[in-house]
$ cat work-v3.csv   # CSV, C-alpha atoms and all ligand atoms
chain,number,residue,atom,x,y,z
A,1,MET,CA,60.8,65.3,90.0
A,2,LYS,CA,62.2,68.7,91.3
A,3,ILE,CA,60.0,71.7,91.0
A,4,ARG,CA,60.4,75.3,92.1
A,5,LYS,CA,57.8,77.3,93.8
A,6,GLY,CA,57.6,80.8,95.2
A,7,TYR,CA,56.2,82.2,98.4
A,8,LYS,CA,55.7,85.9,98.9
A,9,TYR,CA,55.0,87.7,102.2
A,10,ARG,CA,54.7,91.3,103.2
A,11,LEU,CA,57.5,92.4,105.5
A,12,LYS,CA,57.1,94.3,108.7
A,13,THR,CA,59.6,97.1,108.1
A,14,ASN,CA,60.8,99.7,110.5
A,15,HIS,CA,62.7,102.9,109.7
A,16,ARG,CA,66.1,101.2,109.8
A,17,THR,CA,65.2,98.1,107.7
A,18,ALA,CA,63.3,100.2,105.2
A,19,SER,CA,66.2,102.5,104.6
A,20,GLN,CA,68.5,99.6,104.2
A,21,PHE,CA,66.2,98.1,101.6
A,22,VAL,CA,66.2,101.4,99.8
A,23,ARG,CA,69.9,101.5,99.9
A,24,PHE,CA,70.4,97.9,98.7
A,25,SER,CA,67.9,98.2,95.9
A,26,GLY,CA,69.2,101.6,94.9
A,27,ALA,CA,72.8,100.1,94.7
A,28,CYS,CA,71.5,97.3,92.4
A,29,ARG,CA,69.8,99.8,90.2
A,30,PHE,CA,72.9,101.9,90.1
A,31,VAL,CA,75.1,98.9,89.1
A,32,TRP,CA,72.6,97.7,86.5
A,33,ASN,CA,72.3,101.1,84.9
A,34,LYS,CA,76.0,101.8,85.0
A,35,ILE,CA,77.0,98.6,83.3
A,36,LEU,CA,74.2,98.9,80.8
A,37,SER,CA,75.3,102.4,79.9
A,38,ILE,CA,78.9,101.3,79.5
A,39,ASN,CA,77.8,98.5,77.3
A,40,GLU,CA,75.7,100.8,75.2
A,41,HIS,CA,78.7,103.1,74.6
A,42,ARG,CA,80.9,100.1,73.8
A,43,TYR,CA,78.2,98.9,71.3
A,44,PHE,CA,78.2,102.2,69.5
A,45,ALA,CA,82.0,102.2,69.5
A,46,GLY,CA,82.1,98.7,68.0
A,47,VAL,CA,83.7,97.2,71.1
A,48,PRO,CA,82.4,93.9,72.6
A,49,ARG,CA,80.3,94.4,75.7
A,50,LEU,CA,81.6,93.7,79.2
A,51,SER,CA,81.3,90.0,80.2
A,52,TYR,CA,79.9,89.0,83.6
A,53,ALA,CA,83.5,88.5,84.8
A,54,ASP,CA,84.5,92.0,83.4
A,55,ALA,CA,81.5,93.6,85.2
A,56,CYS,CA,82.4,91.8,88.4
A,57,SER,CA,86.0,93.1,88.4
A,58,LEU,CA,84.8,96.6,87.5
A,59,LEU,CA,82.5,96.4,90.5
A,60,ALA,CA,85.4,95.4,92.7
A,61,TRP,CA,87.3,98.3,91.4
A,62,TRP,CA,84.5,100.7,92.0
A,63,LYS,CA,84.2,99.6,95.6
A,64,GLN,CA,87.8,100.6,96.2
A,65,SER,CA,87.3,104.0,94.6
A,66,GLU,CA,86.4,107.1,96.5
A,67,GLU,CA,83.5,108.0,94.3
A,68,TYR,CA,81.7,104.7,94.5
A,69,GLY,CA,83.1,103.4,97.8
A,70,TRP,CA,79.6,103.5,99.3
A,71,LEU,CA,78.9,100.3,97.3
A,72,GLN,CA,80.8,98.5,100.0
A,73,GLU,CA,78.0,99.1,102.4
A,74,VAL,CA,75.8,96.8,100.3
A,75,HIS,CA,76.2,93.0,100.5
A,76,SER,CA,78.4,91.9,97.7
A,77,GLN,CA,76.4,88.9,96.6
A,78,VAL,CA,73.3,91.1,96.2
A,79,LEU,CA,75.2,93.2,93.7
A,80,GLN,CA,76.6,90.0,92.0
A,81,GLN,CA,73.1,88.7,91.6
A,82,CYS,CA,72.1,91.9,89.9
A,83,LEU,CA,75.0,91.5,87.4
A,84,LYS,CA,73.9,87.9,86.8
A,85,ASP,CA,70.4,89.2,86.0
A,86,LEU,CA,71.9,91.6,83.5
A,87,GLU,CA,73.9,88.8,82.0
A,88,ARG,CA,70.8,86.7,81.6
A,89,ALA,CA,69.0,89.6,80.1
A,90,TYR,CA,71.7,89.8,77.4
A,91,ALA,CA,71.6,86.0,76.9
A,92,ASN,CA,67.8,86.3,76.3
A,93,LEU,CA,68.3,89.2,73.9
A,94,PHE,CA,70.9,87.3,71.8
A,95,ALA,CA,68.7,84.2,71.8
A,96,GLY,CA,66.0,86.3,70.3
A,97,ARG,CA,63.7,85.8,73.3
A,98,THR,CA,63.4,89.3,74.6
A,99,ALA,CA,63.9,93.0,73.9
A,100,PRO,CA,67.2,94.6,75.0
A,101,PRO,CA,67.6,95.2,78.8
A,102,GLN,CA,66.2,98.5,79.9
A,103,TYR,CA,67.4,101.1,82.3
A,104,ARG,CA,65.9,100.6,85.8
A,105,LYS,CA,63.8,103.5,87.0
A,106,LYS,CA,63.7,104.6,90.6
A,107,PHE,CA,60.0,104.4,91.0
A,108,LEU,CA,59.5,101.1,89.3
A,109,ALA,CA,62.4,98.8,90.0
A,110,ASN,CA,63.2,98.3,93.6
A,111,SER,CA,64.4,94.8,94.3
A,112,PHE,CA,67.4,92.8,95.3
A,113,ARG,CA,68.2,89.1,95.8
A,114,TYR,CA,70.3,86.9,98.1
A,115,PRO,CA,71.4,83.6,96.7
A,116,GLN,CA,72.6,82.4,100.1
A,117,GLY,CA,73.5,83.5,103.7
A,118,PHE,CA,69.8,84.1,104.6
A,119,LYS,CA,67.9,82.2,107.3
A,120,VAL,CA,64.2,81.7,107.7
A,121,ASP,CA,62.8,81.0,111.1
A,122,GLY,CA,59.1,80.9,111.6
A,123,ARG,CA,57.8,84.3,110.6
A,124,ARG,CA,61.0,86.0,110.2
A,125,VAL,CA,63.9,86.1,107.8
A,126,SER,CA,67.5,87.0,108.5
A,127,LEU,CA,69.2,88.9,105.7
A,128,PRO,CA,73.0,89.4,105.6
A,129,MET,CA,74.0,92.9,106.6
A,130,ILE,CA,70.4,93.8,107.5
A,131,GLY,CA,69.4,91.4,110.2
A,132,TRP,CA,66.1,89.8,111.2
A,133,VAL,CA,63.0,91.1,109.6
A,134,GLU,CA,59.5,89.7,110.5
A,135,PHE,CA,56.9,89.1,107.9
A,136,TRP,CA,53.2,88.5,107.7
A,137,ASP,CA,53.0,84.8,107.3
A,138,SER,CA,50.1,83.5,105.4
A,139,ARG,CA,51.0,80.0,104.5
A,140,PRO,CA,53.6,77.5,105.6
A,141,ILE,CA,56.7,76.9,103.6
A,142,ASP,CA,57.9,73.5,102.5
A,143,GLY,CA,61.0,72.6,100.5
A,144,THR,CA,64.5,73.9,100.4
A,145,ILE,CA,64.8,77.7,100.1
A,146,LYS,CA,67.0,78.5,97.1
A,147,ASN,CA,67.0,82.3,97.2
A,148,VAL,CA,65.4,85.3,98.7
A,149,THR,CA,64.2,88.4,96.9
A,150,ILE,CA,63.2,91.6,98.6
A,151,SER,CA,61.1,93.9,96.5
A,152,ARG,CA,58.9,97.0,96.8
A,153,GLN,CA,55.4,97.4,95.6
A,154,GLY,CA,53.9,100.8,96.3
A,155,LYS,CA,54.7,101.6,99.9
A,156,HIS,CA,55.2,98.0,101.1
A,157,TRP,CA,58.2,95.7,101.0
A,158,PHE,CA,57.8,92.0,100.3
A,159,VAL,CA,60.0,89.0,100.6
A,160,ALA,CA,59.8,86.3,98.0
A,161,LEU,CA,61.2,82.9,98.8
A,162,GLN,CA,62.0,80.5,96.0
A,163,VAL,CA,61.9,76.9,97.2
A,164,GLU,CA,62.8,73.7,95.5
A,165,LEU,CA,60.6,70.7,96.2
A,166,ASP,CA,61.2,67.0,95.4
A,167,VAL,CA,57.8,65.7,94.5
A,168,PRO,CA,56.8,62.3,93.0
A,169,THR,CA,56.3,62.7,89.2
A,170,PRO,CA,52.6,63.6,89.0
A,171,VAL,CA,50.1,62.0,86.7
A,172,HIS,CA,47.5,64.5,85.3
A,173,PRO,CA,44.1,63.6,86.7
A,174,SER,CA,42.4,64.4,83.4
A,175,THR,CA,42.8,62.8,80.0
A,176,ALA,CA,41.2,65.6,78.1
A,177,GLU,CA,43.0,67.6,75.4
A,178,VAL,CA,42.4,71.1,74.2
A,179,GLY,CA,43.6,73.4,71.5
A,180,ILE,CA,43.8,77.1,72.2
A,181,ASP,CA,43.7,80.0,69.8
A,182,LEU,CA,44.9,83.3,71.2
A,183,GLY,CA,43.5,86.4,69.7
A,184,ILE,CA,42.7,90.1,70.1
A,185,ALA,CA,38.9,90.2,70.0
A,186,THR,CA,38.7,87.0,72.0
A,187,PHE,CA,41.7,86.4,74.3
A,188,ALA,CA,41.4,82.6,74.1
A,189,ALA,CA,39.1,80.4,72.2
A,190,THR,CA,39.2,76.6,72.9
A,191,SER,CA,38.6,73.7,70.7
A,192,ALA,CA,35.8,72.7,73.1
A,193,GLY,CA,34.0,75.9,72.1
A,194,GLU,CA,34.8,78.2,75.1
A,195,LEU,CA,35.4,81.8,74.4
A,196,HIS,CA,37.3,83.9,76.9
A,197,PRO,CA,37.0,87.7,76.3
A,198,PRO,CA,40.1,89.8,76.8
A,199,LEU,CA,40.8,91.9,79.9
A,200,ASN,CA,42.5,94.8,78.2
A,201,ALA,CA,43.9,95.9,81.5
A,202,TYR,CA,46.0,98.6,79.9
A,203,ARG,CA,43.4,99.9,77.5
A,204,ARG,CA,41.1,100.6,80.3
A,205,VAL,CA,43.4,102.9,82.2
A,206,GLU,CA,45.4,104.2,79.2
A,207,LYS,CA,43.6,107.5,79.0
A,208,LYS,CA,44.0,108.0,82.7
A,209,LYS,CA,47.7,107.2,82.5
A,210,ALA,CA,48.2,109.6,79.6
A,211,ARG,CA,46.5,112.4,81.5
A,212,MET,CA,48.7,111.7,84.6
A,213,GLN,CA,51.8,111.7,82.4
A,214,ARG,CA,50.9,115.1,80.9
A,215,ARG,CA,50.4,116.5,84.3
A,216,LEU,CA,53.8,115.1,85.4
A,217,ALA,CA,55.4,116.8,82.4
A,218,GLY,CA,54.1,120.1,83.6
A,219,MET,CA,55.6,119.8,87.0
A,220,VAL,CA,58.9,121.0,88.3
A,221,LYS,CA,61.3,118.0,88.1
A,222,TYR,CA,62.2,116.5,91.5
A,223,SER,CA,59.7,118.8,93.3
A,224,CYS,CA,57.5,117.3,96.0
A,225,ASN,CA,54.5,117.2,93.7
A,226,TRP,CA,56.5,115.6,90.9
A,227,LYS,CA,57.6,112.8,93.2
A,228,LYS,CA,54.0,112.3,94.4
A,229,GLN,CA,52.9,112.1,90.8
A,230,GLN,CA,55.7,109.7,90.0
A,231,ARG,CA,54.5,107.5,92.8
A,232,ARG,CA,50.9,107.7,91.6
A,233,LEU,CA,52.0,106.6,88.1
A,234,ALA,CA,54.0,103.7,89.5
A,235,HIS,CA,51.0,102.7,91.5
A,236,LEU,CA,48.8,102.7,88.4
A,237,ASP,CA,51.4,100.5,86.7
A,238,ILE,CA,51.3,98.0,89.6
A,239,ARG,CA,47.6,97.9,89.5
A,240,ILE,CA,47.5,97.2,85.8
A,241,ALA,CA,50.1,94.4,86.2
A,242,ASN,CA,48.2,92.9,89.1
A,243,CYS,CA,44.9,92.8,87.1
A,244,ARG,CA,46.6,91.2,84.2
A,245,HIS,CA,48.4,88.7,86.4
A,246,ASP,CA,45.2,87.7,88.2
A,247,PHE,CA,43.3,87.3,84.9
A,248,LEU,CA,46.0,85.1,83.4
A,249,HIS,CA,46.4,83.0,86.5
A,250,LYS,CA,42.7,82.2,86.7
A,251,LEU,CA,42.5,81.3,83.1
A,252,SER,CA,45.7,79.2,83.0
A,253,THR,CA,44.8,77.4,86.2
A,254,HIS,CA,41.3,76.5,84.9
A,255,THR,CA,42.8,75.3,81.6
A,256,SER,CA,45.6,73.3,83.2
A,257,LYS,CA,43.4,71.7,85.8
A,258,ASN,CA,41.0,70.3,83.2
A,259,HIS,CA,43.4,69.2,80.4
A,260,ALA,CA,46.3,66.8,80.3
A,261,VAL,CA,47.4,68.1,76.9
A,262,ILE,CA,47.2,71.7,75.9
A,263,VAL,CA,48.1,72.7,72.4
A,264,VAL,CA,48.9,76.3,71.7
A,265,GLU,CA,50.2,78.3,68.8
A,266,ASP,CA,53.9,78.9,68.7
A,267,LEU,CA,53.5,82.6,68.5
A,268,GLN,CA,56.6,84.6,68.6
A,269,VAL,CA,55.0,87.5,70.2
A,270,LYS,CA,58.1,89.5,69.9
A,271,HIS,CA,58.2,89.1,66.1
A,272,MET,CA,54.5,89.9,65.8
A,273,SER,CA,55.0,93.1,67.7
A,274,LYS,CA,58.0,94.0,65.7
A,275,SER,CA,56.6,93.4,62.3
A,276,ALA,CA,54.4,96.5,62.0
A,277,ARG,CA,56.9,98.4,60.0
A,278,GLY,CA,57.1,95.6,57.5
A,279,THR,CA,57.9,92.0,57.0
A,280,VAL,CA,58.9,89.9,54.0
A,281,GLU,CA,55.3,88.7,53.5
A,282,GLU,CA,53.6,92.0,53.9
A,283,PRO,CA,56.0,94.9,53.5
A,284,GLY,CA,54.6,97.7,55.7
A,285,SER,CA,51.0,97.6,54.9
A,286,HIS,CA,48.4,98.7,57.5
A,287,VAL,CA,51.2,100.0,59.7
A,288,ALA,CA,48.9,102.1,61.9
A,289,GLN,CA,46.4,99.3,62.4
A,290,LYS,CA,49.1,96.9,63.2
A,291,ALA,CA,50.7,99.3,65.6
A,292,GLY,CA,47.4,99.3,67.5
A,293,LEU,CA,47.2,95.6,67.2
A,294,ASN,CA,50.7,95.3,68.6
A,295,LYS,CA,49.8,97.3,71.7
A,296,ALA,CA,46.9,95.0,72.2
A,297,ILE,CA,49.1,91.9,71.7
A,298,LEU,CA,51.5,93.0,74.4
A,299,ASP,CA,48.6,94.1,76.6
A,300,GLN,CA,47.2,90.6,76.5
A,301,GLY,CA,50.3,89.0,77.9
A,302,TRP,CA,50.3,86.0,75.6
A,303,GLY,CA,53.8,85.1,76.5
A,304,MET,CA,53.0,85.2,80.2
A,305,PHE,CA,50.0,83.0,79.6
A,306,ARG,CA,52.1,80.5,77.8
A,307,ARG,CA,54.7,80.4,80.6
A,308,MET,CA,52.0,80.0,83.2
A,309,LEU,CA,50.4,77.1,81.3
A,310,GLU,CA,53.8,75.4,81.0
A,311,TYR,CA,54.8,75.5,84.6
A,312,LYS,CA,51.3,74.6,85.8
A,313,GLN,CA,51.2,71.6,83.4
A,314,ALA,CA,54.6,70.6,84.7
A,315,TRP,CA,53.3,70.6,88.3
A,316,ARG,CA,50.3,68.5,87.4
A,317,GLY,CA,52.1,66.1,85.0
A,318,GLY,CA,50.4,67.5,81.9
A,319,GLU,CA,51.9,68.7,78.7
A,320,VAL,CA,52.0,71.8,76.5
A,321,ILE,CA,52.6,71.4,72.8
A,322,ALA,CA,53.3,74.4,70.6
A,323,VAL,CA,52.5,74.2,66.9
A,324,ASN,CA,53.1,76.4,64.0
A,325,PRO,CA,49.9,78.5,63.6
A,326,ARG,CA,50.2,78.7,59.8
A,327,TYR,CA,46.8,78.3,58.0
A,328,THR,CA,45.1,77.4,61.3
A,329,SER,CA,42.6,80.2,60.6
A,330,GLN,CA,42.0,79.2,57.0
A,331,THR,CA,41.7,75.4,57.2
A,332,CYS,CA,38.3,73.7,57.2
A,333,PRO,CA,38.2,71.2,60.1
A,334,GLU,CA,35.6,69.1,58.3
A,335,CYS,CA,37.0,68.7,54.8
A,336,GLY,CA,40.5,70.1,55.1
A,337,HIS,CA,40.1,72.7,52.4
A,338,ILE,CA,42.5,75.7,52.8
A,339,ALA,CA,41.5,79.1,51.5
A,340,LYS,CA,41.6,82.7,52.6
A,341,ASP,CA,38.0,83.0,51.5
A,342,ASN,CA,37.0,80.5,54.2
A,343,ARG,CA,37.1,83.4,56.6
A,344,PRO,CA,34.8,86.0,55.2
A,345,GLN,CA,34.6,88.0,58.4
A,346,GLN,CA,36.8,88.4,61.5
A,347,ALA,CA,34.6,86.1,63.7
A,348,LEU,CA,33.1,83.9,61.0
A,349,PHE,CA,34.4,80.8,59.4
A,350,SER,CA,32.6,79.4,56.4
A,351,CYS,CA,34.1,76.8,54.2
A,352,VAL,CA,33.8,77.6,50.5
A,353,ALA,CA,34.1,73.9,49.6
A,354,CYS,CA,31.8,72.1,52.0
A,355,GLY,CA,29.8,74.9,53.6
A,356,TYR,CA,30.9,74.2,57.2
A,357,THR,CA,30.2,77.3,59.2
A,358,TYR,CA,31.4,78.1,62.8
A,359,HIS,CA,33.0,80.7,65.0
A,360,ALA,CA,36.4,81.5,63.4
A,361,ASP,CA,38.4,81.4,66.6
A,362,ILE,CA,37.0,78.1,67.7
A,363,VAL,CA,37.7,76.7,64.2
A,364,ALA,CA,41.3,77.8,64.6
A,365,ALA,CA,41.5,76.2,68.1
A,366,LYS,CA,40.2,72.9,66.6
A,367,ASN,CA,42.9,73.1,63.9
A,368,ILE,CA,45.5,73.8,66.5
A,369,LEU,CA,44.4,70.7,68.5
A,370,ALA,CA,44.6,68.6,65.3
A,371,LEU,CA,48.1,69.8,64.6
A,372,GLY,CA,49.0,68.9,68.2
A,373,HIS,CA,47.8,65.4,67.6
A,374,ARG,CA,49.9,65.1,64.5
A,375,GLU,CA,52.9,66.4,66.3
A,376,ARG,CA,52.5,63.8,69.1
A,377,LEU,CA,52.1,61.0,66.5
A,378,ASN,CA,55.3,62.1,64.8
A,379,ALA,CA,57.1,62.3,68.2
A,380,CYS,CA,55.9,58.7,69.0
A,381,ALA,CA,56.9,57.4,65.6
A,382,SER,CA,60.4,58.8,65.9
A,383,ARG,CA,61.0,57.3,69.3
B,1,ZN,ZN,35.1,72.3,54.3
$ encode --input "work-v3.csv" --output "structure tokens" --more "lines below"
Ligand SMILES: [Zn+2]
Amino acid sequence: MKIRKGYKYRLKTNHRTASQFVRFSGACRFVWNKILSINEHRYFAGVPRLSYADACSLLAWWKQSEEYGWLQEVHSQVLQQCLKDLERAYANLFAGRTAPPQYRKKFLANSFRYPQGFKVDGRRVSLPMIGWVEFWDSRPIDGTIKNVTISRQGKHWFVALQVELDVPTPVHPSTAEVGIDLGIATFAATSAGELHPPLNAYRRVEKKKARMQRRLAGMVKYSCNWKKQQRRLAHLDIRIANCRHDFLHKLSTHTSKNHAVIVVEDLQVKHMSKSARGTVEEPGSHVAQKAGLNKAILDQGWGMFRRMLEYKQAWRGGEVIAVNPRYTSQTCPECGHIAKDNRPQQALFSCVACGYTYHADIVAAKNILALGHRERLNACASR
């Protein structure tokens, strides 16, 4: 079985390499934003967007022009990778997986990628057109390096190496199964009865961020203080992202280590967060509450959690099953009775038919696990 793994190290930059990094990532941002803006105009004009090939030839043309000739100073494959990323962003959008691609901002998006031409030798990496850069090695690399990404976080630059490993197909050490209900009040409840509270990384610093943004608005654009404040804001965003990442990693590792089969709800987070203004089922009721709920949903990073579970299970030889979450919060796990009244309160499940009473989120997790069982049986039967 082939798996992909990432290694990330902090680079030892000097003035020359750092300014090259700034130039390369800036060029990527420029190309991304430029093509995105052209496509937006085309969209409003009713013209089909530029394909990847169109964008590539436009890029070649820009390089020959006087205005954008400076793009020649950036490695061409790096710019091509950026166009490929944009193409993938469109593909994801049209498949309904993600929101439209966004403009890249200077203080947030600083990265570029080489698909080939790089070399890694001990604690240093050779980057085409930039040269050898040393890094702080913290663990040995095994496997074939597929690509190299350089990115900035705060004041440091990092190199991320994606490697492909050929490993024997693993067999999960555990035979346990678990159902997981994801929620707002409780981030994850398991069918085994565990309750994991949410982190609410964003909520915690939200006020601080709003205050910082107000201060920024009062500053003279592009002044020294404005730039400093931009950097502080970017820093805060990085911190929020790091906290969330850490939280989700810990929980997904714990869950994946101990269970061969994990059953989750097939939540289409995107649809949930979009539906505040009204869906077919509930046309626009409780818009304000739902808008708050939506922010919380996105804050929890459910989608990220699911992806982490999936790749961690793949490494270990486990499985993730996604089931339709319909009625999982209203079904009695004891007698199977389905009723809205089974859930008199947010956190309480109490069956109106048989009187079974338990924590509502854990009940939902139990139902999710049961649905997972059914799905597996169906899959086996149809084989
Ligand atoms: Zn019951």
$ atom_distance --input "work-v3.csv" --atom1 "atom CA of A:Gln162" --atom2 "atom CA of A:Gln80"
17.9 Å
$ closest_atom_pairs --input "work-v3.csv" --of "chain A" --to "ligand ZN 1 (chain B)" --cutoff "6 Å" --atoms "all atoms listed in the file" --output "tab-separated table"
residue	atom	partner	partner_atom	distance
A:Cys332	CA	B:ZN1	ZN	4.5
A:Glu334	CA	B:ZN1	ZN	5.1
A:Cys335	CA	B:ZN1	ZN	4.1
A:Gly336	CA	B:ZN1	ZN	5.9
A:His337	CA	B:ZN1	ZN	5.4
A:Cys351	CA	B:ZN1	ZN	4.6
A:Ala353	CA	B:ZN1	ZN	5.1
A:Cys354	CA	B:ZN1	ZN	4.0
A:Gly355	CA	B:ZN1	ZN	5.9
A:Tyr356	CA	B:ZN1	ZN	5.4
$ write_last_selection --input "work-v3.csv" --atoms "C-alpha atoms" --output "CSV table (one decimal), in the frame of the given file"
chain,number,residue,atom,x,y,z
A,332,CYS,CA,38.3,73.7,57.2
A,334,GLU,CA,35.6,69.1,58.3
A,335,CYS,CA,37.0,68.7,54.8
A,336,GLY,CA,40.5,70.1,55.1
A,337,HIS,CA,40.1,72.7,52.4
A,351,CYS,CA,34.1,76.8,54.2
A,353,ALA,CA,34.1,73.9,49.6
A,354,CYS,CA,31.8,72.1,52.0
A,355,GLY,CA,29.8,74.9,53.6
A,356,TYR,CA,30.9,74.2,57.2
$ residues_around --input "work-v3.csv" --residues "A:Phe158" --least-positions-apart "6" --cutoff "7 Å" --atoms "all atoms listed in the file" --output "list in words"
Lys8, Tyr9, Arg10, Leu11, Ile150, Ser151 and Arg152 of chain A
$ closest_atom_pairs --input "work-v3.csv" --of "stretch 37-109 of chain A" --to "stretch 24-33 of chain A" --cutoff "9 Å" --atoms "only C-alpha atoms" --output "JSON lines"
{"residue": "A:Ser37", "atom": "CA", "partner": "A:Asn33", "partner_atom": "CA", "distance": 6.0}
{"residue": "A:Ile38", "atom": "CA", "partner": "A:Asn33", "partner_atom": "CA", "distance": 8.5}
{"residue": "A:Leu59", "atom": "CA", "partner": "A:Val31", "partner_atom": "CA", "distance": 7.9}
{"residue": "A:Trp70", "atom": "CA", "partner": "A:Ala27", "partner_atom": "CA", "distance": 8.9}
{"residue": "A:Leu71", "atom": "CA", "partner": "A:Ala27", "partner_atom": "CA", "distance": 6.6}
{"residue": "A:Glu73", "atom": "CA", "partner": "A:Phe24", "partner_atom": "CA", "distance": 8.5}
{"residue": "A:Val74", "atom": "CA", "partner": "A:Phe24", "partner_atom": "CA", "distance": 5.7}
{"residue": "A:His75", "atom": "CA", "partner": "A:Phe24", "partner_atom": "CA", "distance": 7.8}
{"residue": "A:Val78", "atom": "CA", "partner": "A:Cys28", "partner_atom": "CA", "distance": 7.5}
{"residue": "A:Leu79", "atom": "CA", "partner": "A:Cys28", "partner_atom": "CA", "distance": 5.7}
{"residue": "A:Gln80", "atom": "CA", "partner": "A:Cys28", "partner_atom": "CA", "distance": 8.9}
{"residue": "A:Gln81", "atom": "CA", "partner": "A:Cys28", "partner_atom": "CA", "distance": 8.8}
{"residue": "A:Cys82", "atom": "CA", "partner": "A:Cys28", "partner_atom": "CA", "distance": 6.0}
{"residue": "A:Leu83", "atom": "CA", "partner": "A:Trp32", "partner_atom": "CA", "distance": 6.7}
{"residue": "A:Asp85", "atom": "CA", "partner": "A:Trp32", "partner_atom": "CA", "distance": 8.8}
{"residue": "A:Leu86", "atom": "CA", "partner": "A:Trp32", "partner_atom": "CA", "distance": 6.8}
{"residue": "A:Gln102", "atom": "CA", "partner": "A:Asn33", "partner_atom": "CA", "distance": 8.3}
{"residue": "A:Tyr103", "atom": "CA", "partner": "A:Asn33", "partner_atom": "CA", "distance": 5.5}
{"residue": "A:Arg104", "atom": "CA", "partner": "A:Arg29", "partner_atom": "CA", "distance": 5.9}
{"residue": "A:Lys105", "atom": "CA", "partner": "A:Arg29", "partner_atom": "CA", "distance": 7.7}
{"residue": "A:Lys106", "atom": "CA", "partner": "A:Gly26", "partner_atom": "CA", "distance": 7.6}
{"residue": "A:Ala109", "atom": "CA", "partner": "A:Arg29", "partner_atom": "CA", "distance": 7.5}
$ atom_distance --input "work-v3.csv" --atom1 "atom CA of A:Ser57" --atom2 "atom CA of A:Ile130"
24.7 Å
$ closest_residue --input "work-v3.csv" --among "A:Leu36, A:Phe107, A:His249, A:His259" --to "A:Gln229" --atoms "all atoms listed in the file"
A:Phe107
$ atom_distance --input "work-v3.csv" --atom1 "atom CA of A:Gly218" --atom2 "atom CA of A:Ala234"
17.4 Å
$ residues_near_point --input "work-v3.csv" --point "(63.8, 89.7, 76.3)" --cutoff "12 Å" --atoms "only C-alpha atoms" --output "list in words"
Asp85, Leu86, Glu87, Arg88, Ala89, Tyr90, Ala91, Asn92, Leu93, Phe94, Ala95, Gly96, Arg97, Thr98, Ala99, Pro100, Pro101, Gln102, Gln268, Val269, Lys270, His271 and Gly303 of chain A
$ write_last_selection --input "work-v3.csv" --atoms "C-alpha atoms" --output "PDB file, keeping the file's coordinate frame"
ATOM      1  CA  ASP A  85      70.400  89.200  86.000  1.00  0.00           C
ATOM      2  CA  LEU A  86      71.900  91.600  83.500  1.00  0.00           C
ATOM      3  CA  GLU A  87      73.900  88.800  82.000  1.00  0.00           C
ATOM      4  CA  ARG A  88      70.800  86.700  81.600  1.00  0.00           C
ATOM      5  CA  ALA A  89      69.000  89.600  80.100  1.00  0.00           C
ATOM      6  CA  TYR A  90      71.700  89.800  77.400  1.00  0.00           C
ATOM      7  CA  ALA A  91      71.600  86.000  76.900  1.00  0.00           C
ATOM      8  CA  ASN A  92      67.800  86.300  76.300  1.00  0.00           C
ATOM      9  CA  LEU A  93      68.300  89.200  73.900  1.00  0.00           C
ATOM     10  CA  PHE A  94      70.900  87.300  71.800  1.00  0.00           C
ATOM     11  CA  ALA A  95      68.700  84.200  71.800  1.00  0.00           C
ATOM     12  CA  GLY A  96      66.000  86.300  70.300  1.00  0.00           C
ATOM     13  CA  ARG A  97      63.700  85.800  73.300  1.00  0.00           C
ATOM     14  CA  THR A  98      63.400  89.300  74.600  1.00  0.00           C
ATOM     15  CA  ALA A  99      63.900  93.000  73.900  1.00  0.00           C
ATOM     16  CA  PRO A 100      67.200  94.600  75.000  1.00  0.00           C
ATOM     17  CA  PRO A 101      67.600  95.200  78.800  1.00  0.00           C
ATOM     18  CA  GLN A 102      66.200  98.500  79.900  1.00  0.00           C
ATOM     19  CA  GLN A 268      56.600  84.600  68.600  1.00  0.00           C
ATOM     20  CA  VAL A 269      55.000  87.500  70.200  1.00  0.00           C
ATOM     21  CA  LYS A 270      58.100  89.500  69.900  1.00  0.00           C
ATOM     22  CA  HIS A 271      58.200  89.100  66.100  1.00  0.00           C
ATOM     23  CA  GLY A 303      53.800  85.100  76.500  1.00  0.00           C
TER      24      GLY A 303
END
$ closest_residue --input "work-v3.csv" --among "A:Lys228, A:Lys155, A:Lys366, A:Arg316" --to "A:Ala18" --atoms "only C-alpha atoms"
A:Lys155
$ residues_around --input "work-v3.csv" --residues "A:His235" --least-positions-apart "2" --cutoff "10 Å" --atoms "only C-alpha atoms" --output "PyMOL selection string"
chain A and resi 107-108+153-155+229-233+237-241
$ closest_residue --input "work-v3.csv" --among "A:Ser223, A:Thr144, A:Ser111, A:Ser191" --to "A:Asp166" --atoms "all atoms listed in the file"
A:Thr144
$ closest_residue --input "work-v3.csv" --among "A:Leu309, A:Ile368, A:Val163, A:Ile35" --to "A:Ser329" --atoms "all atoms listed in the file"
A:Ile368
$ residues_around --input "work-v3.csv" --residues "A:Asp341" --least-positions-apart "2" --cutoff "8 Å" --atoms "all atoms listed in the file" --output "PyMOL selection string"
chain A and resi 330+339+343-344+351-352
$ closest_residue --input "work-v3.csv" --among "A:Lys257, A:Arg113, A:His245, A:His359" --to "A:Phe305" --atoms "all atoms listed in the file"
A:His245
$ closest_residue --input "work-v3.csv" --among "A:Leu236, A:Leu371, A:Met304, A:Ile321" --to "A:Glu206" --atoms "only C-alpha atoms"
A:Leu236
$ decode --input "work-v3.csv" --residues "stretch 132-140 of chain A" --atoms "C-alpha atoms" --output "mmCIF file, in the first residue's frame"
data_model
loop_
_atom_site.group_PDB
_atom_site.id
_atom_site.type_symbol
_atom_site.label_atom_id
_atom_site.label_comp_id
_atom_site.auth_asym_id
_atom_site.auth_seq_id
_atom_site.Cartn_x
_atom_site.Cartn_y
_atom_site.Cartn_z
ATOM 1 C CA TRP A 132 20.858 25.219 -0.998
ATOM 2 C CA VAL A 133 18.998 26.160 2.178
ATOM 3 C CA GLU A 134 19.642 24.454 5.480
ATOM 4 C CA PHE A 135 16.870 23.472 7.846
ATOM 5 C CA TRP A 136 16.449 22.449 11.444
ATOM 6 C CA ASP A 137 16.126 18.724 11.171
ATOM 7 C CA SER A 138 14.014 17.146 13.823
ATOM 8 C CA ARG A 139 13.280 13.677 12.463
ATOM 9 C CA PRO A 140 14.706 11.499 9.710
#
